[in-house]
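Read through the structure below, which is laid out as structure tokens, and then see the notes.
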Amino acid sequence: MSPEKLDARYWDDRYSDGDAPWDIGSASTPLASYLDGLTDKNLRILIPGAGRAYEAEHAHRLGFTHVFPMDFTLAPLEALMERCPDFPRAHLLVGDFFAHDERYDVILEQTFFCALDPSLRGKYVQHMHKLLKPGGKLVGVLFDSVPNPVGPPFGGTVDEYRSLFEPLFPGVSFERCYNSIAPRAGRELWLKATKPTAYEPIDCNFYDHFEAAATLKETVRFGLRDGSEREGIIVDLFVREHIEWMRLKDGSEIRLDEVIDLRRPKGT
Ligand SMILES: C[S@@+](CC[C@H](N)C(=O)[O-])C[C@H]1O[C@@H](n2cnc3c(N)ncnc32)[C@H](O)[C@@H]1O
């Protein structure tokens, strides 16, 4: 199917024909638990291709005040208003994602990427990058499946996703979801893509610790700016486009200015 065929009318017809097999009737569990873990209720959150917008409802009920579900067509968003009449109507965005121009802290992906014609995937990544504030995150689920030309949904693999996202979202990760709903178990990847902030060169003394750990090839633990922790063995320190990075033994790469502390795990 060509991108033009998957237009607002196509999706509107599917909703009015009651042909919406993607609709799981509640917030997708990986996204719901991600939202449960966020503490800043003022984050600006965009949910493109939101459909009946269960994730927007979940966020709203958790107390998030700047949630913007977007869809080509109003009908599914009206279903949100029926379930949740106090959701701010002014936050419903009806229109084409690719024409939208605002800035967000978080964008949630849930069966929107796989609904787009695959020829639009590069444009999707570029537009997500544009809509995020520096340091903002695109998170959500992508299907891990053999690419199928007949969709939607259109499949994809980690290798394809990595080559699409890595240039604009270095360090992007695709981890197997552990909390998918039963029919999707084993088929979902948790996407986490952070828009880089301007690089802040790290202090020389701090750099010495990275060098020592890389030389000793010992396991170290890092506290990261986003509050998460990582553990690994540094195998390389390098500069790419004026940004200092380390590469871990598992192949992942971390910007040095994302690290706020580095230590040896207890007992090593
Ligand atoms: C497969 S459905 C997923 C809906 C919802 N995320 C869910 O999981 O129930 C894809 C949705 O994306 C919307 N959509 C497709 N292309 C779009 C575009 N270019 N701009 C905005 N919405 C779009 C469709 O109208 C549809 O509601």
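By convention in this document, the chains of the structure tokens carry letters A, B, ... by their order, each chain's residues are numbered from 1, and ligands are numbered from 1 in the order they are shown.
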Select from region 1-184 of chain A everything DSSP, run on the backbone, classes as strand (DSSP E), then give the selection as a PDB file with N, CA and C atoms, in the first residue's frame.
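Result went into part.pdb, see below:
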ATOM      1  N   ARG A  44       5.853  17.632  29.263  1.00  0.00           N
ATOM      2  CA  ARG A  44       4.983  17.709  28.070  1.00  0.00           C
ATOM      3  C   ARG A  44       5.113  16.388  27.321  1.00  0.00           C
ATOM      4  N   ILE A  45       3.981  15.684  27.224  1.00  0.00           N
ATOM      5  CA  ILE A  45       3.991  14.331  26.650  1.00  0.00           C
ATOM      6  C   ILE A  45       3.130  14.290  25.396  1.00  0.00           C
ATOM      7  N   LEU A  46       3.725  13.867  24.291  1.00  0.00           N
ATOM      8  CA  LEU A  46       2.974  13.693  23.032  1.00  0.00           C
ATOM      9  C   LEU A  46       2.762  12.203  22.784  1.00  0.00           C
ATOM     10  N   ILE A  47       1.539  11.858  22.347  1.00  0.00           N
ATOM     11  CA  ILE A  47       1.253  10.463  21.975  1.00  0.00           C
ATOM     12  C   ILE A  47       0.714  10.473  20.546  1.00  0.00           C
ATOM     13  N   PRO A  48       1.605  10.345  19.559  1.00  0.00           N
ATOM     14  CA  PRO A  48       1.134  10.407  18.172  1.00  0.00           C
ATOM     15  C   PRO A  48       0.493   9.097  17.736  1.00  0.00           C
ATOM     16  N   HIS A  66       0.129  17.829  31.142  1.00  0.00           N
ATOM     17  CA  HIS A  66       0.414  18.281  29.776  1.00  0.00           C
ATOM     18  C   HIS A  66       0.535  17.074  28.845  1.00  0.00           C
ATOM     19  N   VAL A  67      -0.573  16.397  28.659  1.00  0.00           N
ATOM     20  CA  VAL A  67      -0.601  15.179  27.828  1.00  0.00           C
ATOM     21  C   VAL A  67      -1.355  15.507  26.536  1.00  0.00           C
ATOM     22  N   PHE A  68      -0.742  15.199  25.404  1.00  0.00           N
ATOM     23  CA  PHE A  68      -1.318  15.565  24.110  1.00  0.00           C
ATOM     24  C   PHE A  68      -1.439  14.340  23.208  1.00  0.00           C
ATOM     25  N   PRO A  69      -2.612  13.675  23.212  1.00  0.00           N
ATOM     26  CA  PRO A  69      -2.820  12.578  22.270  1.00  0.00           C
ATOM     27  C   PRO A  69      -3.120  13.156  20.890  1.00  0.00           C
ATOM     28  N   MET A  70      -2.510  12.558  19.873  1.00  0.00           N
ATOM     29  CA  MET A  70      -2.710  13.086  18.517  1.00  0.00           C
ATOM     30  C   MET A  70      -3.143  11.967  17.594  1.00  0.00           C
ATOM     31  N   ASP A  71      -4.063  12.272  16.701  1.00  0.00           N
ATOM     32  CA  ASP A  71      -4.429  11.291  15.684  1.00  0.00           C
ATOM     33  C   ASP A  71      -4.905  12.026  14.444  1.00  0.00           C
ATOM     34  N   LEU A  93      -5.115  16.628  19.729  1.00  0.00           N
ATOM     35  CA  LEU A  93      -4.512  17.154  18.500  1.00  0.00           C
ATOM     36  C   LEU A  93      -4.995  16.301  17.327  1.00  0.00           C
ATOM     37  N   VAL A  94      -5.717  16.915  16.419  1.00  0.00           N
ATOM     38  CA  VAL A  94      -6.215  16.169  15.256  1.00  0.00           C
ATOM     39  C   VAL A  94      -5.468  16.669  14.034  1.00  0.00           C
ATOM     40  N   TYR A 104       8.423  18.699  22.902  1.00  0.00           N
ATOM     41  CA  TYR A 104       7.988  17.835  24.008  1.00  0.00           C
ATOM     42  C   TYR A 104       9.179  17.279  24.778  1.00  0.00           C
ATOM     43  N   ASP A 105       8.886  16.911  26.044  1.00  0.00           N
ATOM     44  CA  ASP A 105       9.902  16.242  26.870  1.00  0.00           C
ATOM     45  C   ASP A 105       9.910  14.742  26.596  1.00  0.00           C
ATOM     46  N   VAL A 106       8.706  14.203  26.378  1.00  0.00           N
ATOM     47  CA  VAL A 106       8.553  12.760  26.181  1.00  0.00           C
ATOM     48  C   VAL A 106       7.578  12.521  25.035  1.00  0.00           C
ATOM     49  N   ILE A 107       7.909  11.587  24.166  1.00  0.00           N
ATOM     50  CA  ILE A 107       6.957  11.145  23.133  1.00  0.00           C
ATOM     51  C   ILE A 107       6.791   9.639  23.300  1.00  0.00           C
ATOM     52  N   LEU A 108       5.528   9.195  23.328  1.00  0.00           N
ATOM     53  CA  LEU A 108       5.243   7.768  23.522  1.00  0.00           C
ATOM     54  C   LEU A 108       4.900   7.102  22.194  1.00  0.00           C
ATOM     55  N   GLU A 109       5.547   5.979  21.948  1.00  0.00           N
ATOM     56  CA  GLU A 109       5.295   5.191  20.728  1.00  0.00           C
ATOM     57  C   GLU A 109       4.509   3.930  21.082  1.00  0.00           C
ATOM     58  N   GLN A 110       3.367   3.767  20.419  1.00  0.00           N
ATOM     59  CA  GLN A 110       2.558   2.571  20.654  1.00  0.00           C
ATOM     60  C   GLN A 110       1.786   2.277  19.370  1.00  0.00           C
ATOM     61  N   LEU A 132      11.291  16.734  19.773  1.00  0.00           N
ATOM     62  CA  LEU A 132      11.800  16.585  21.142  1.00  0.00           C
ATOM     63  C   LEU A 132      12.679  17.766  21.533  1.00  0.00           C
ATOM     64  N   LYS A 133      12.573  18.160  22.790  1.00  0.00           N
ATOM     65  CA  LYS A 133      13.517  19.141  23.327  1.00  0.00           C
ATOM     66  C   LYS A 133      14.867  18.436  23.494  1.00  0.00           C
ATOM     67  N   PRO A 134      15.981  19.176  23.536  1.00  0.00           N
ATOM     68  CA  PRO A 134      17.254  18.505  23.826  1.00  0.00           C
ATOM     69  C   PRO A 134      17.143  17.738  25.146  1.00  0.00           C
ATOM     70  N   GLY A 135      17.579  16.500  25.146  1.00  0.00           N
ATOM     71  CA  GLY A 135      17.458  15.660  26.349  1.00  0.00           C
ATOM     72  C   GLY A 135      16.111  14.954  26.433  1.00  0.00           C
ATOM     73  N   GLY A 136      15.178  15.318  25.533  1.00  0.00           N
ATOM     74  CA  GLY A 136      13.854  14.676  25.534  1.00  0.00           C
ATOM     75  C   GLY A 136      13.943  13.236  25.041  1.00  0.00           C
ATOM     76  N   LYS A 137      12.901  12.457  25.360  1.00  0.00           N
ATOM     77  CA  LYS A 137      12.963  11.014  25.079  1.00  0.00           C
ATOM     78  C   LYS A 137      11.783  10.532  24.259  1.00  0.00           C
ATOM     79  N   LEU A 138      12.101   9.694  23.286  1.00  0.00           N
ATOM     80  CA  LEU A 138      11.083   8.919  22.583  1.00  0.00           C
ATOM     81  C   LEU A 138      11.150   7.517  23.173  1.00  0.00           C
ATOM     82  N   VAL A 139      10.046   7.072  23.769  1.00  0.00           N
ATOM     83  CA  VAL A 139      10.038   5.734  24.377  1.00  0.00           C
ATOM     84  C   VAL A 139       8.762   5.005  23.966  1.00  0.00           C
ATOM     85  N   GLY A 140       8.828   3.695  24.007  1.00  0.00           N
ATOM     86  CA  GLY A 140       7.627   2.922  23.699  1.00  0.00           C
ATOM     87  C   GLY A 140       7.989   1.575  23.125  1.00  0.00           C
ATOM     88  N   VAL A 141       7.012   0.976  22.456  1.00  0.00           N
ATOM     89  CA  VAL A 141       7.239  -0.377  21.966  1.00  0.00           C
ATOM     90  C   VAL A 141       7.260  -0.442  20.438  1.00  0.00           C
ATOM     91  N   LEU A 142       8.169  -1.269  19.939  1.00  0.00           N
ATOM     92  CA  LEU A 142       8.243  -1.566  18.506  1.00  0.00           C
ATOM     93  C   LEU A 142       8.133  -3.079  18.376  1.00  0.00           C
ATOM     94  N   PHE A 143       7.489  -3.521  17.312  1.00  0.00           N
ATOM     95  CA  PHE A 143       7.413  -4.969  17.108  1.00  0.00           C
ATOM     96  C   PHE A 143       8.739  -5.503  16.588  1.00  0.00           C
ATOM     97  N   SER A 173      18.365   2.424  22.486  1.00  0.00           N
ATOM     98  CA  SER A 173      18.345   1.009  22.890  1.00  0.00           C
ATOM     99  C   SER A 173      17.002   0.372  22.559  1.00  0.00           C
ATOM    100  N   PHE A 174      17.067  -0.927  22.311  1.00  0.00           N
ATOM    101  CA  PHE A 174      15.883  -1.738  21.973  1.00  0.00           C
ATOM    102  C   PHE A 174      15.971  -2.990  22.833  1.00  0.00           C
ATOM    103  N   GLU A 175      15.334  -2.960  23.981  1.00  0.00           N
ATOM    104  CA  GLU A 175      15.426  -4.121  24.881  1.00  0.00           C
ATOM    105  C   GLU A 175      14.132  -4.915  24.808  1.00  0.00           C
ATOM    106  N   ARG A 176      14.282  -6.225  24.909  1.00  0.00           N
ATOM    107  CA  ARG A 176      13.080  -7.068  24.862  1.00  0.00           C
ATOM    108  C   ARG A 176      12.167  -6.703  26.037  1.00  0.00           C
TER     109      ARG A 176
END
Test item: residues no farther than 7 Å from ligand 1, counting only C-alpha atoms and all ligand atoms, as a list in words: Leu6, Asp7, Ala8, Trp11, Asp12, Trp22, Asp23, Ile24, Pro48, Gly49, Ala50, Gly51, Arg52, Ala53, Met70, Asp71, Phe72, Thr73, Pro76, Gly95, Asp96, Phe97, Phe98, Gln110, Thr111, Phe112, Ala115, Leu116 and Pro153 of chain A
Residues from the last selection, N, CA and C atoms, saved as a PDB file, in the first residue's frame:
ATOM      1  N   LEU A   6      -2.674   5.280   3.042  1.00  0.00           N
ATOM      2  CA  LEU A   6      -2.842   5.198   4.502  1.00  0.00           C
ATOM      3  C   LEU A   6      -3.104   6.605   5.051  1.00  0.00           C
ATOM      4  N   ASP A   7      -4.123   7.251   4.470  1.00  0.00           N
ATOM      5  CA  ASP A   7      -4.404   8.630   4.855  1.00  0.00           C
ATOM      6  C   ASP A   7      -5.480   8.676   5.951  1.00  0.00           C
ATOM      7  N   ALA A   8      -5.887   9.889   6.307  1.00  0.00           N
ATOM      8  CA  ALA A   8      -6.861  10.051   7.403  1.00  0.00           C
ATOM      9  C   ALA A   8      -8.142   9.275   7.094  1.00  0.00           C
ATOM     10  N   TRP A  11      -7.895   5.522   7.872  1.00  0.00           N
ATOM     11  CA  TRP A  11      -7.975   5.205   9.304  1.00  0.00           C
ATOM     12  C   TRP A  11      -9.377   5.487   9.844  1.00  0.00           C
ATOM     13  N   ASP A  12      -9.978   6.565   9.372  1.00  0.00           N
ATOM     14  CA  ASP A  12     -11.342   6.891   9.806  1.00  0.00           C
ATOM     15  C   ASP A  12     -12.296   5.746   9.450  1.00  0.00           C
ATOM     16  N   TRP A  22      -5.868  -3.557  16.525  1.00  0.00           N
ATOM     17  CA  TRP A  22      -4.738  -3.104  17.345  1.00  0.00           C
ATOM     18  C   TRP A  22      -5.203  -2.578  18.708  1.00  0.00           C
ATOM     19  N   ASP A  23      -6.494  -2.311  18.825  1.00  0.00           N
ATOM     20  CA  ASP A  23      -7.027  -1.673  20.030  1.00  0.00           C
ATOM     21  C   ASP A  23      -7.109  -2.706  21.155  1.00  0.00           C
ATOM     22  N   ILE A  24      -6.276  -2.548  22.183  1.00  0.00           N
ATOM     23  CA  ILE A  24      -6.241  -3.566  23.249  1.00  0.00           C
ATOM     24  C   ILE A  24      -7.162  -3.191  24.418  1.00  0.00           C
ATOM     25  N   PRO A  48       1.605  10.345  19.559  1.00  0.00           N
ATOM     26  CA  PRO A  48       1.134  10.407  18.172  1.00  0.00           C
ATOM     27  C   PRO A  48       0.493   9.097  17.736  1.00  0.00           C
ATOM     28  N   GLY A  49      -0.504   9.172  16.849  1.00  0.00           N
ATOM     29  CA  GLY A  49      -1.218   7.966  16.416  1.00  0.00           C
ATOM     30  C   GLY A  49      -1.833   7.287  17.629  1.00  0.00           C
ATOM     31  N   ALA A  50      -2.454   8.105  18.483  1.00  0.00           N
ATOM     32  CA  ALA A  50      -2.897   7.630  19.810  1.00  0.00           C
ATOM     33  C   ALA A  50      -4.126   6.737  19.737  1.00  0.00           C
ATOM     34  N   GLY A  51      -4.884   6.814  18.642  1.00  0.00           N
ATOM     35  CA  GLY A  51      -6.107   6.017  18.550  1.00  0.00           C
ATOM     36  C   GLY A  51      -7.059   6.379  19.689  1.00  0.00           C
ATOM     37  N   ARG A  52      -7.562   5.381  20.387  1.00  0.00           N
ATOM     38  CA  ARG A  52      -8.513   5.667  21.480  1.00  0.00           C
ATOM     39  C   ARG A  52      -7.794   6.129  22.751  1.00  0.00           C
ATOM     40  N   ALA A  53      -6.522   6.239  22.661  1.00  0.00           N
ATOM     41  CA  ALA A  53      -5.707   7.004  23.625  1.00  0.00           C
ATOM     42  C   ALA A  53      -5.770   6.505  25.069  1.00  0.00           C
ATOM     43  N   MET A  70      -2.510  12.558  19.873  1.00  0.00           N
ATOM     44  CA  MET A  70      -2.710  13.086  18.517  1.00  0.00           C
ATOM     45  C   MET A  70      -3.143  11.967  17.594  1.00  0.00           C
ATOM     46  N   ASP A  71      -4.063  12.272  16.701  1.00  0.00           N
ATOM     47  CA  ASP A  71      -4.429  11.291  15.684  1.00  0.00           C
ATOM     48  C   ASP A  71      -4.905  12.026  14.444  1.00  0.00           C
ATOM     49  N   PHE A  72      -4.811  11.322  13.319  1.00  0.00           N
ATOM     50  CA  PHE A  72      -5.297  11.812  12.042  1.00  0.00           C
ATOM     51  C   PHE A  72      -6.773  12.186  12.140  1.00  0.00           C
ATOM     52  N   THR A  73      -7.473  11.452  12.999  1.00  0.00           N
ATOM     53  CA  THR A  73      -8.914  11.514  12.960  1.00  0.00           C
ATOM     54  C   THR A  73      -9.492  11.688  14.375  1.00  0.00           C
ATOM     55  N   PRO A  76     -11.546   8.389  17.238  1.00  0.00           N
ATOM     56  CA  PRO A  76     -11.004   7.624  18.370  1.00  0.00           C
ATOM     57  C   PRO A  76     -10.695   8.500  19.585  1.00  0.00           C
ATOM     58  N   GLY A  95      -4.784  15.766  13.355  1.00  0.00           N
ATOM     59  CA  GLY A  95      -4.046  16.173  12.159  1.00  0.00           C
ATOM     60  C   GLY A  95      -2.915  15.221  11.871  1.00  0.00           C
ATOM     61  N   ASP A  96      -2.122  15.612  10.889  1.00  0.00           N
ATOM     62  CA  ASP A  96      -1.019  14.766  10.431  1.00  0.00           C
ATOM     63  C   ASP A  96       0.207  14.989  11.333  1.00  0.00           C
ATOM     64  N   PHE A  97       0.694  13.917  11.903  1.00  0.00           N
ATOM     65  CA  PHE A  97       1.893  13.965  12.743  1.00  0.00           C
ATOM     66  C   PHE A  97       3.021  14.724  12.045  1.00  0.00           C
ATOM     67  N   PHE A  98       3.210  14.467  10.743  1.00  0.00           N
ATOM     68  CA  PHE A  98       4.357  15.049  10.038  1.00  0.00           C
ATOM     69  C   PHE A  98       4.211  16.563   9.834  1.00  0.00           C
ATOM     70  N   GLN A 110       3.367   3.767  20.419  1.00  0.00           N
ATOM     71  CA  GLN A 110       2.558   2.571  20.654  1.00  0.00           C
ATOM     72  C   GLN A 110       1.786   2.277  19.370  1.00  0.00           C
ATOM     73  N   THR A 111       2.265   1.316  18.595  1.00  0.00           N
ATOM     74  CA  THR A 111       1.677   0.901  17.309  1.00  0.00           C
ATOM     75  C   THR A 111       1.380   2.057  16.350  1.00  0.00           C
ATOM     76  N   PHE A 112       2.205   3.102  16.406  1.00  0.00           N
ATOM     77  CA  PHE A 112       2.114   4.173  15.417  1.00  0.00           C
ATOM     78  C   PHE A 112       3.161   3.931  14.328  1.00  0.00           C
ATOM     79  N   ALA A 115       2.288   1.366  11.907  1.00  0.00           N
ATOM     80  CA  ALA A 115       1.105   1.666  11.100  1.00  0.00           C
ATOM     81  C   ALA A 115       1.458   2.516   9.877  1.00  0.00           C
ATOM     82  N   LEU A 116       2.660   3.097   9.895  1.00  0.00           N
ATOM     83  CA  LEU A 116       3.080   3.970   8.788  1.00  0.00           C
ATOM     84  C   LEU A 116       3.688   3.146   7.663  1.00  0.00           C
ATOM     85  N   PRO A 153      -0.182  -3.919  10.266  1.00  0.00           N
ATOM     86  CA  PRO A 153       1.103  -3.394  10.726  1.00  0.00           C
ATOM     87  C   PRO A 153       2.254  -3.898   9.852  1.00  0.00           C
TER      88      PRO A 153
END
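For the pair CA of Ala75 (chain A) and CA of Arg121 (chain A), the interatomic distance is 25.4 Å.
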Write out as a PDB file with N, CA and C atoms, in the first residue's frame which residues come within 7 Å of region 29-38 of chain A when counting only C-alpha atoms, dropping same-chain ones fewer than 3 positions away.
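As a result, around-v7.pdb now contains:
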ATOM      1  N   GLU A  55      -3.278   5.307  26.731  1.00  0.00           N
ATOM      2  CA  GLU A  55      -2.081   5.754  27.452  1.00  0.00           C
ATOM      3  C   GLU A  55      -2.271   7.204  27.930  1.00  0.00           C
ATOM      4  N   HIS A  58      -4.343   6.988  31.000  1.00  0.00           N
ATOM      5  CA  HIS A  58      -3.536   6.510  32.131  1.00  0.00           C
ATOM      6  C   HIS A  58      -2.703   7.669  32.700  1.00  0.00           C
ATOM      7  N   ALA A  59      -2.054   8.413  31.797  1.00  0.00           N
ATOM      8  CA  ALA A  59      -1.208   9.534  32.240  1.00  0.00           C
ATOM      9  C   ALA A  59      -2.060  10.594  32.940  1.00  0.00           C
ATOM     10  N   GLY A 140       8.828   3.695  24.007  1.00  0.00           N
ATOM     11  CA  GLY A 140       7.627   2.922  23.699  1.00  0.00           C
ATOM     12  C   GLY A 140       7.989   1.575  23.125  1.00  0.00           C
ATOM     13  N   ASN A 179       7.241  -7.109  30.050  1.00  0.00           N
ATOM     14  CA  ASN A 179       5.895  -6.941  30.616  1.00  0.00           C
ATOM     15  C   ASN A 179       4.836  -6.696  29.542  1.00  0.00           C
ATOM     16  N   SER A 180       5.033  -7.298  28.359  1.00  0.00           N
ATOM     17  CA  SER A 180       4.041  -7.147  27.280  1.00  0.00           C
ATOM     18  C   SER A 180       2.742  -7.828  27.676  1.00  0.00           C
ATOM     19  N   ILE A 181       1.642  -7.427  27.045  1.00  0.00           N
ATOM     20  CA  ILE A 181       0.401  -8.182  27.242  1.00  0.00           C
ATOM     21  C   ILE A 181       0.587  -9.554  26.582  1.00  0.00           C
TER      22      ILE A 181
END
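Straight-line separation from CA of Phe64 (chain A) to CA of Asp40 (chain A): 7.9 Å.
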Can you tell me, as a ChimeraX atom specification, what residues are no more than 8 Å from Lys217 (chain A) when counting only C-alpha atoms, ignoring any on the same chain fewer than 2 positions away? /A:213-215,219,233-235
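Remark: for Ile243 (chain A), the closest of the candidate residues A:Pro88, A:Pro201, A:Pro21, A:Gly223 is A:Pro201 (distances computed over only C-alpha atoms).
Closest approach to Asp236 (chain A) among A:Leu224, A:Cys84, A:Ala20, A:Ala212: A:Ala212, based on only C-alpha atoms.
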Taking the DSSP assignment computed from this structure's backbone, write out as a PyMOL selection string all residues of region 30-244 of chain A that belong to alpha helix (DSSP H). chain A and resi 30-36+54-62+74-83+121-131+158-165+204-216
Nearest candidate to Glu231 (chain A) (options A:Leu262, A:Cys204, A:Met128, A:Leu168; using only C-alpha atoms): A:Leu262
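Rounded to one decimal, CA of Arg225 (chain A) and CA of Asp257 (chain A) lie 8.3 Å from each other.
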